[in-house]
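Shown below: structure.pdb, with PDB, C-alpha atoms.
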```pdb
ATOM      1  CA  SER A   1      29.509  22.154  74.284
ATOM      2  CA  LYS A   2      28.790  24.063  71.092
ATOM      3  CA  ASN A   3      28.406  27.336  72.976
ATOM      4  CA  GLY A   4      31.679  26.654  74.777
ATOM      5  CA  ASP A   5      33.486  26.073  71.475
ATOM      6  CA  SER A   6      32.011  29.318  70.135
ATOM      7  CA  PHE A   7      33.197  31.246  73.170
ATOM      8  CA  CYS A   8      36.690  29.775  72.975
ATOM      9  CA  GLN A   9      36.920  30.692  69.300
ATOM     10  CA  TRP A  10      35.700  34.214  70.087
ATOM     11  CA  LEU A  11      38.319  34.515  72.824
ATOM     12  CA  ILE A  12      41.066  33.339  70.488
ATOM     13  CA  THR A  13      40.080  35.901  67.875
ATOM     14  CA  HIS A  14      40.070  38.748  70.392
ATOM     15  CA  THR A  15      43.367  37.923  72.091
ATOM     16  CA  GLU A  16      45.660  37.048  69.197
ATOM     17  CA  PHE A  17      47.643  40.295  69.564
ATOM     18  CA  LYS A  18      47.908  40.149  73.361
ATOM     19  CA  SER A  19      51.205  39.439  75.087
ATOM     20  CA  ASP A  20      51.697  36.023  76.666
ATOM     21  CA  SER A  21      51.386  37.474  80.181
ATOM     22  CA  ASN A  22      48.220  39.386  79.299
ATOM     23  CA  TRP A  23      46.728  36.252  77.720
ATOM     24  CA  ARG A  24      47.427  34.264  80.899
ATOM     25  CA  GLN A  25      45.658  36.903  83.002
ATOM     26  CA  ILE A  26      42.620  36.945  80.705
ATOM     27  CA  LYS A  27      42.422  33.153  80.606
ATOM     28  CA  ALA A  28      42.721  32.858  84.394
ATOM     29  CA  SER A  29      39.935  35.415  84.851
ATOM     30  CA  CYS A  30      37.641  33.527  82.479
ATOM     31  CA  VAL A  31      38.435  30.185  84.136
ATOM     32  CA  PHE A  32      37.618  31.624  87.556
ATOM     33  CA  TYR A  33      34.401  33.260  86.327
ATOM     34  CA  PHE A  34      33.006  30.145  84.672
ATOM     35  CA  GLU A  35      33.866  28.082  87.746
ATOM     36  CA  GLN A  36      31.867  30.501  89.874
ATOM     37  CA  ILE A  37      28.755  30.251  87.703
ATOM     38  CA  GLY A  38      28.846  26.469  87.484
ATOM     39  CA  GLU A  39      30.182  26.130  83.934
ATOM     40  CA  SER A  40      32.859  23.628  84.975
ATOM     41  CA  ASN A  41      33.188  22.058  81.504
ATOM     42  CA  LEU A  42      33.829  25.400  79.846
ATOM     43  CA  SER A  43      36.168  26.359  82.666
ATOM     44  CA  ALA A  44      38.203  23.193  82.112
ATOM     45  CA  GLN A  45      38.151  23.737  78.343
ATOM     46  CA  LEU A  46      39.559  27.229  78.799
ATOM     47  CA  ASP A  47      42.128  26.074  81.321
ATOM     48  CA  ALA A  48      43.484  23.586  78.790
ATOM     49  CA  MET A  49      44.002  26.248  76.131
ATOM     50  CA  GLY A  50      47.574  27.109  75.228
ATOM     51  CA  ASN A  51      48.985  30.253  73.675
ATOM     52  CA  ASP A  52      49.608  28.965  70.154
ATOM     53  CA  HIS A  53      47.162  31.507  68.735
ATOM     54  CA  ILE A  54      49.177  34.464  70.083
ATOM     55  CA  LYS A  55      50.828  36.266  67.188
ATOM     56  CA  PRO A  56      54.247  37.890  67.567
ATOM     57  CA  SER A  57      53.830  41.158  69.433
ATOM     58  CA  MET A  58      53.646  44.257  67.304
ATOM     59  CA  SER A  59      56.656  46.466  67.840
ATOM     60  CA  TYR A  60      54.831  49.032  69.949
ATOM     61  CA  ASN A  61      53.393  46.365  72.245
ATOM     62  CA  ASN A  62      56.558  45.570  74.174
ATOM     63  CA  THR A  63      56.541  43.526  77.339
ATOM     64  CA  SER A  64      57.843  45.091  80.532
ATOM     65  CA  SER A  65      61.145  43.249  80.151
ATOM     66  CA  GLN A  66      61.757  45.108  76.879
ATOM     67  CA  LYS A  67      61.006  48.572  78.234
ATOM     68  CA  LYS A  68      63.625  50.834  79.729
ATOM     69  CA  LYS A  69      62.880  52.122  83.203
ATOM     70  CA  SER A  70      64.713  55.388  82.612
ATOM     71  CA  VAL A  71      65.530  58.098  80.095
ATOM     72  CA  SER A  72      69.063  59.464  80.337
ATOM     73  CA  PRO A  73      69.765  63.134  79.501
ATOM     74  CA  ILE A  74      71.625  61.991  76.376
ATOM     75  CA  GLU A  75      68.712  59.800  75.271
ATOM     76  CA  GLU A  76      66.265  62.625  75.920
ATOM     77  CA  SER A  77      68.318  65.035  73.812
ATOM     78  CA  GLN A  78      68.842  62.565  70.955
ATOM     79  CA  ILE A  79      65.198  61.468  70.806
ATOM     80  CA  ILE A  80      63.956  65.063  70.811
ATOM     81  CA  SER A  81      66.447  66.038  68.090
ATOM     82  CA  SER A  82      65.400  63.068  65.935
ATOM     83  CA  LEU A  83      61.715  63.874  66.291
ATOM     84  CA  ARG A  84      62.339  67.485  65.333
ATOM     85  CA  LEU A  85      64.704  66.747  62.446
ATOM     86  CA  ASN A  86      62.127  66.050  59.722
ATOM     87  CA  GLU A  87      59.002  67.077  61.580
ATOM     88  CA  GLY A  88      55.962  66.786  59.348
ATOM     89  CA  THR A  89      57.896  66.384  56.089
ATOM     90  CA  THR A  90      57.073  62.715  55.412
ATOM     91  CA  GLN A  91      54.161  60.388  56.059
ATOM     92  CA  ASP A  92      55.924  58.753  58.995
ATOM     93  CA  SER A  93      57.024  62.055  60.469
ATOM     94  CA  TYR A  94      53.400  63.199  60.608
ATOM     95  CA  TRP A  95      53.447  61.584  64.051
ATOM     96  CA  ASP A  96      56.618  63.346  65.201
ATOM     97  CA  ARG A  97      54.955  66.356  66.806
ATOM     98  CA  PRO A  98      52.385  64.447  68.910
ATOM     99  CA  THR A  99      55.082  61.895  69.799
ATOM    100  CA  LEU A 100      57.354  64.705  70.940
ATOM    101  CA  ALA A 101      54.546  66.300  72.959
ATOM    102  CA  PHE A 102      53.724  63.062  74.800
ATOM    103  CA  PHE A 103      57.419  62.348  75.373
ATOM    104  CA  LYS A 104      58.221  65.777  76.840
ATOM    105  CA  ALA A 105      54.987  66.024  78.838
ATOM    106  CA  GLY A 106      55.578  62.539  80.246
ATOM    107  CA  LEU A 107      58.977  63.572  81.552
ATOM    108  CA  LEU A 108      57.438  66.665  83.143
ATOM    109  CA  VAL A 109      54.439  65.175  84.953
ATOM    110  CA  GLY A 110      54.695  61.391  84.655
ATOM    111  CA  LEU A 111      51.140  60.611  83.578
ATOM    112  CA  ARG A 112      50.259  57.130  82.485
ATOM    113  CA  PRO A 113      49.794  57.478  78.706
ATOM    114  CA  SER A 114      46.109  56.560  78.938
ATOM    115  CA  GLU A 115      45.519  59.332  81.489
ATOM    116  CA  TRP A 116      46.067  62.096  78.932
ATOM    117  CA  GLU A 117      42.719  61.336  77.309
ATOM    118  CA  ASN A 118      40.830  62.716  80.327
ATOM    119  CA  ALA A 119      43.365  65.218  81.641
ATOM    120  CA  GLU A 120      42.267  68.841  82.095
ATOM    121  CA  LEU A 121      44.228  72.054  82.560
ATOM    122  CA  LEU A 122      42.570  74.263  85.181
ATOM    123  CA  GLU A 123      43.213  77.986  85.577
ATOM    124  CA  ILE A 124      41.406  78.227  88.915
ATOM    125  CA  SER A 125      42.356  77.204  92.441
ATOM    126  CA  ILE A 126      41.041  73.939  93.880
ATOM    127  CA  GLU A 127      39.189  73.990  97.184
ATOM    128  CA  ASN A 128      41.235  72.640 100.114
ATOM    129  CA  SER A 129      44.396  72.688  98.006
ATOM    130  CA  ASN A 130      47.467  74.896  98.248
ATOM    131  CA  GLN A 131      48.307  74.379  94.577
ATOM    132  CA  GLU A 132      48.544  77.506  92.445
ATOM    133  CA  PRO A 133      47.059  77.535  88.946
ATOM    134  CA  PRO A 134      47.646  76.305  86.368
ATOM    135  CA  ILE A 135      46.654  72.899  87.735
ATOM    136  CA  LEU A 136      46.551  69.609  85.861
ATOM    137  CA  LYS A 137      43.491  67.561  86.837
ATOM    138  CA  VAL A 138      44.118  63.864  86.199
ATOM    139  CA  LEU A 139      41.616  61.024  86.305
ATOM    140  CA  ASN A 140      43.669  58.300  87.979
ATOM    141  CA  GLY A 141      44.222  55.350  85.671
ATOM    142  CA  LYS A 142      44.335  52.651  88.368
ATOM    143  CA  ARG A 143      41.430  53.927  90.457
ATOM    144  CA  THR A 144      39.229  50.842  89.956
ATOM    145  CA  ASN A 145      41.616  48.152  91.199
ATOM    146  CA  GLY A 146      42.892  49.614  94.458
ATOM    147  CA  ARG A 147      46.180  50.858  93.012
ATOM    148  CA  SER A 148      45.331  54.549  93.355
ATOM    149  CA  PHE A 149      44.508  56.734  96.352
ATOM    150  CA  GLY A 150      41.418  58.313  94.799
ATOM    151  CA  LYS A 151      39.552  59.214  91.645
ATOM    152  CA  PHE A 152      41.517  62.345  90.751
ATOM    153  CA  ARG A 153      44.876  63.918  91.437
ATOM    154  CA  TYR A 154      45.791  67.576  91.005
ATOM    155  CA  LEU A 155      49.250  68.676  89.910
ATOM    156  CA  GLY A 156      50.362  72.278  90.354
ATOM    157  CA  LEU A 157      52.227  73.439  87.256
ATOM    158  CA  LYS A 158      53.388  76.883  88.358
ATOM    159  CA  ASP A 159      57.076  75.963  88.228
ATOM    160  CA  ILE A 160      56.642  74.270  84.871
ATOM    161  CA  GLU A 161      54.935  77.403  83.553
ATOM    162  CA  LYS A 162      57.792  79.581  84.847
ATOM    163  CA  ASN A 163      60.258  77.413  82.936
ATOM    164  CA  ASP A 164      58.277  77.826  79.700
ATOM    165  CA  GLN A 165      57.554  74.090  79.544
ATOM    166  CA  LEU A 166      53.769  74.267  79.876
ATOM    167  CA  ILE A 167      53.391  74.180  76.087
ATOM    168  CA  TRP A 168      54.213  70.439  76.054
ATOM    169  CA  ILE A 169      51.429  69.637  78.477
ATOM    170  CA  LYS A 170      48.958  71.769  76.515
ATOM    171  CA  MET A 171      49.972  69.988  73.309
ATOM    172  CA  ALA A 172      49.630  66.530  74.865
ATOM    173  CA  ILE A 173      46.133  67.371  76.101
ATOM    174  CA  TYR A 174      45.166  68.780  72.708
ATOM    175  CA  TYR A 175      46.330  65.705  70.796
ATOM    176  CA  ALA A 176      44.746  63.338  73.316
ATOM    177  CA  LYS A 177      41.371  65.048  73.008
ATOM    178  CA  ASN A 178      41.580  65.510  69.227
ATOM    179  CA  PRO A 179      43.198  62.304  67.953
ATOM    180  CA  LYS A 180      43.519  62.332  64.168
ATOM    181  CA  ASN A 181      45.375  60.290  61.607
ATOM    182  CA  LYS A 182      47.628  61.571  58.824
ATOM    183  CA  HIS A 183      44.540  62.092  56.650
ATOM    184  CA  ASN A 184      43.090  64.457  59.261
ATOM    185  CA  LYS A 185      40.365  61.965  60.142
ATOM    186  CA  VAL A 186      39.245  61.571  63.755
ATOM    187  CA  ILE A 187      40.371  58.243  65.233
ATOM    188  CA  LEU A 188      40.090  56.473  68.564
ATOM    189  CA  PHE A 189      42.591  57.473  71.236
ATOM    190  CA  ASP A 190      43.854  53.880  71.408
ATOM    191  CA  ASP A 191      44.661  53.932  67.689
ATOM    192  CA  PHE A 192      46.343  57.315  68.058
ATOM    193  CA  TYR A 193      48.426  56.045  70.963
ATOM    194  CA  LYS A 194      49.479  52.957  69.008
ATOM    195  CA  ALA A 195      50.647  55.214  66.172
ATOM    196  CA  ILE A 196      52.806  57.480  68.339
ATOM    197  CA  SER A 197      54.139  54.478  70.292
ATOM    198  CA  GLN A 198      55.163  52.922  66.979
ATOM    199  CA  ARG A 199      56.827  56.183  65.940
ATOM    200  CA  LEU A 200      58.802  56.384  69.192
ATOM    201  CA  PHE A 201      59.840  52.757  68.743
ATOM    202  CA  THR A 202      61.044  53.458  65.183
ATOM    203  CA  ILE A 203      63.071  56.465  66.320
ATOM    204  CA  THR A 204      64.737  54.642  69.219
ATOM    205  CA  LYS A 205      65.442  51.568  67.109
ATOM    206  CA  LYS A 206      67.248  53.754  64.593
ATOM    207  CA  LEU A 207      69.153  55.601  67.314
ATOM    208  CA  TYR A 208      70.057  52.542  69.359
ATOM    209  CA  PRO A 209      69.998  49.467  67.082
ATOM    210  CA  ARG A 210      71.916  47.308  69.584
ATOM    211  CA  GLN A 211      69.856  48.295  72.600
ATOM    212  CA  ASN A 212      67.621  45.468  73.819
ATOM    213  CA  LYS A 213      65.412  47.634  76.016
ATOM    214  CA  ARG A 214      63.611  50.544  74.371
ATOM    215  CA  VAL A 215      62.593  53.929  75.680
ATOM    216  CA  THR A 216      58.779  54.094  75.764
ATOM    217  CA  PHE A 217      56.307  56.644  77.067
ATOM    218  CA  TYR A 218      56.228  54.679  80.305
ATOM    219  CA  SER A 219      59.990  55.200  80.577
ATOM    220  CA  CYS A 220      59.237  58.903  81.005
ATOM    221  CA  ARG A 221      56.998  58.133  83.968
ATOM    222  CA  HIS A 222      59.682  55.955  85.574
ATOM    223  CA  GLN A 223      62.272  58.681  85.014
ATOM    224  CA  LEU A 224      60.130  61.310  86.715
ATOM    225  CA  ILE A 225      59.712  59.024  89.734
ATOM    226  CA  ALA A 226      63.496  58.542  89.875
ATOM    227  CA  ASP A 227      64.022  62.314  89.639
ATOM    228  CA  LEU A 228      61.568  62.945  92.475
ATOM    229  CA  LYS A 229      63.405  60.413  94.647
ATOM    230  CA  LYS A 230      66.714  62.173  93.935
ATOM    231  CA  GLU A 231      65.109  65.433  95.055
ATOM    232  CA  GLY A 232      64.408  63.800  98.403
ATOM    233  CA  ARG A 233      60.632  63.692  98.057
ATOM    234  CA  SER A 234      58.833  61.355 100.432
ATOM    235  CA  LEU A 235      57.299  58.182  99.021
ATOM    236  CA  ILE A 236      53.855  59.486 100.011
ATOM    237  CA  ASN A 237      54.449  62.717  98.104
ATOM    238  CA  ILE A 238      55.676  60.838  95.044
ATOM    239  CA  ALA A 239      52.662  58.529  95.191
ATOM    240  CA  CYS A 240      50.352  61.558  95.208
ATOM    241  CA  ILE A 241      52.116  63.038  92.182
ATOM    242  CA  VAL A 242      52.043  59.899  90.030
ATOM    243  CA  GLY A 243      48.715  58.481  91.195
ATOM    244  CA  HIS A 244      49.862  55.378  93.089
TER     245      HIS A 244
END
```
With the file now loaded, output its structure as structure tokens.
Amino acid sequence: SKNGDSFCQWLITHTEFKSDSNWRQIKASCVFYFEQIGESNLSAQLDAMGNDHIKPSMSYNNTSSQKKKSVSPIEESQIISSLRLNEGTTQDSYWDRPTLAFFKAGLLVGLRPSEWENAELLEISIENSNQEPPILKVLNGKRTNGRSFGKFRYLGLKDIEKNDQLIWIKMAIYYAKNPKNKHNKVILFDDFYKAISQRLFTITKKLYPRQNKRVTFYSCRHQLIADLKKEGRSLINIACIVGH
């Protein structure tokens, strides 16, 4: 039908920069939905669609197979040094400081990158909690699809504060709540995150040109989980910390 063709064209336009796996998930959801409401022709039309419209992924939009699941001490040191080397002296290096903040904070507390947008630093105790302030209040990113144990999680940062590392978490929260471009204009958090992801990709590509898998902000989260396992933390405790 004409309306079906219009919808398919709209879907193509809005998914051209998705990964192949993401496109398959979106298409399957649409096929299922239109089957449920009796639009069998449109459902079949969607089901027959291929992925020819998908454009090559932008460099910051790596698939899981291209992302490293860890950050070695050497990689951490080299990435931090590179981000600090020309901090703020060129147009590209405008993003170095927020990239560094998200990178360091990710290694410290393992937030999903999207969770920084709604994260809060509390200086008061939480009822029914033995955590000492400062406390990081996190709106769980996977709370709506059954992959999280609740709406919020609370992370005690007393040890991080004692080690003079709290500044990275404060910076990450600041940048997430005040996302701006290099012209000092307010932008959407998603656009800000794409920019710092691109900057991290550029840095790691320069550092490790032969490395197939790249360190991303999600690598920091995976590394924290690995570190917690090495400490002997229980799986339940780790799940509480990272919001599983």
Quiz item: To one decimal place, how far is atom CA of Gln25 of chain A from atom CA of Leu11 of chain A in Å?
Solution: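 Computing the Euclidean distance for atom CA of Gln25 of chain A and atom CA of Leu11 of chain A yields 12.8 Å.
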Quiz item: Hey, what comes out of the PyMOL selection byres ((chain A and resi 64-75) around 12) on this file? Could you write it as a PyMOL selection string?
Solution: chain A and resi 19-22+57+59-63+76-82+103-104+106-107+110+201+203-204+207-208+211-227
Self-check item: Non-local contacts of Glu117 of chain A (10 Å; all atoms listed in the file; under 4 positions in same chain excluded) as number ranges by chain
Solution: A: 113, 138-139, 172-179, 189-190
Self-check item: Polymer residues at most 8 Å from Leu83 of chain A, all atoms listed in the file, same-chain spacing of 4 or more positions, as a PyMOL selection string
Solution: chain A and resi 79+87+93+96-97+99-100+203
Can I get the selection written as a short mmCIF file (atom, residue, chain, number, x, y, z; two decimals), keeping the file's coordinate frame, with C-alpha atoms?
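What landed in out_26.cif:
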```cif
data_model
loop_
_atom_site.label_atom_id
_atom_site.label_comp_id
_atom_site.auth_asym_id
_atom_site.auth_seq_id
_atom_site.Cartn_x
_atom_site.Cartn_y
_atom_site.Cartn_z
CA ILE A 79 65.20 61.47 70.81
CA GLU A 87 59.00 67.08 61.58
CA SER A 93 57.02 62.06 60.47
CA ASP A 96 56.62 63.35 65.20
CA ARG A 97 54.96 66.36 66.81
CA THR A 99 55.08 61.90 69.80
CA LEU A 100 57.35 64.70 70.94
CA ILE A 203 63.07 56.46 66.32
#
```
Practice problem: May I have the residues within 10 Å of Lys137 of chain A as a list in words, using all atoms listed in the file and disregarding those fewer than 4 positions away in the same chain? | Solution: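 So, after excluding close chain neighbours, the residues are Trp116, Asn118, Ala119, Glu120, Leu121, Leu122, Ile126, Phe152, Arg153, Tyr154, Leu155 and Gly156 of chain A.
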Practice problem: Would you mind reading off the distance between atom CA of Glu231 of chain A and atom CA of Ile135 of chain A, one decimal, in Å? | Solution: 21.2 Å
Listed atoms of segment 22-41 of chain A boxed axis-aligned with 5 Å per side, centre + edges as lines of an AutoDock Vina configuration file:
```
center_x = 38.5
center_y = 30.7
center_z = 83.8
size_x = 29.5
size_y = 27.3
size_z = 22.2
```
Quiz prompt | Best match for closeness to Lys194 of chain A among A:Ile37, A:Gly150, A:Pro98, A:Ser234, counting all atoms listed in the file | solution =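 Among the listed residues, A:Pro98 lies closest to Lys194 of chain A.
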Quiz item: Nearest to Glu39 of chain A among A:Gly243, A:Pro134, A:Gly4, A:Gly232, with distances taken over all atoms listed in the file: which residue is it?
Solution: A:Gly4
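Candidate residues A:Leu46, A:Ile54, A:Ala28, A:Val242 were compared for distance to Ser6 of chain A, and the nearest is A:Leu46, using only C-alpha atoms.
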Exercise. Using all atoms listed in the file, determine which residues lie at most 9 Å from Lys158 of chain A, disregarding the query and same-chain residues fewer than 5 positions distant; provide the list as a list of chain:residue names.
Key: A:Gln131, A:Glu132, A:Pro133, A:Pro134, A:Ile135, A:Asn163, A:Leu166
Quiz item: What is the distance between atom CA of Lys162 of chain A and atom CA of Leu108 of chain A, in Å to one decimal?
Solution: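 Interatomic distance here is 13.0 Å.
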Practice problem: Choose the residue, out of A:Leu235, A:Ser125, A:Lys170, A:His244, that has the smallest atom-to-atom separation from Gly141 of chain A; count all atoms listed in the file. | Solution: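 Selected residue with least distance to Gly141 of chain A: A:His244.
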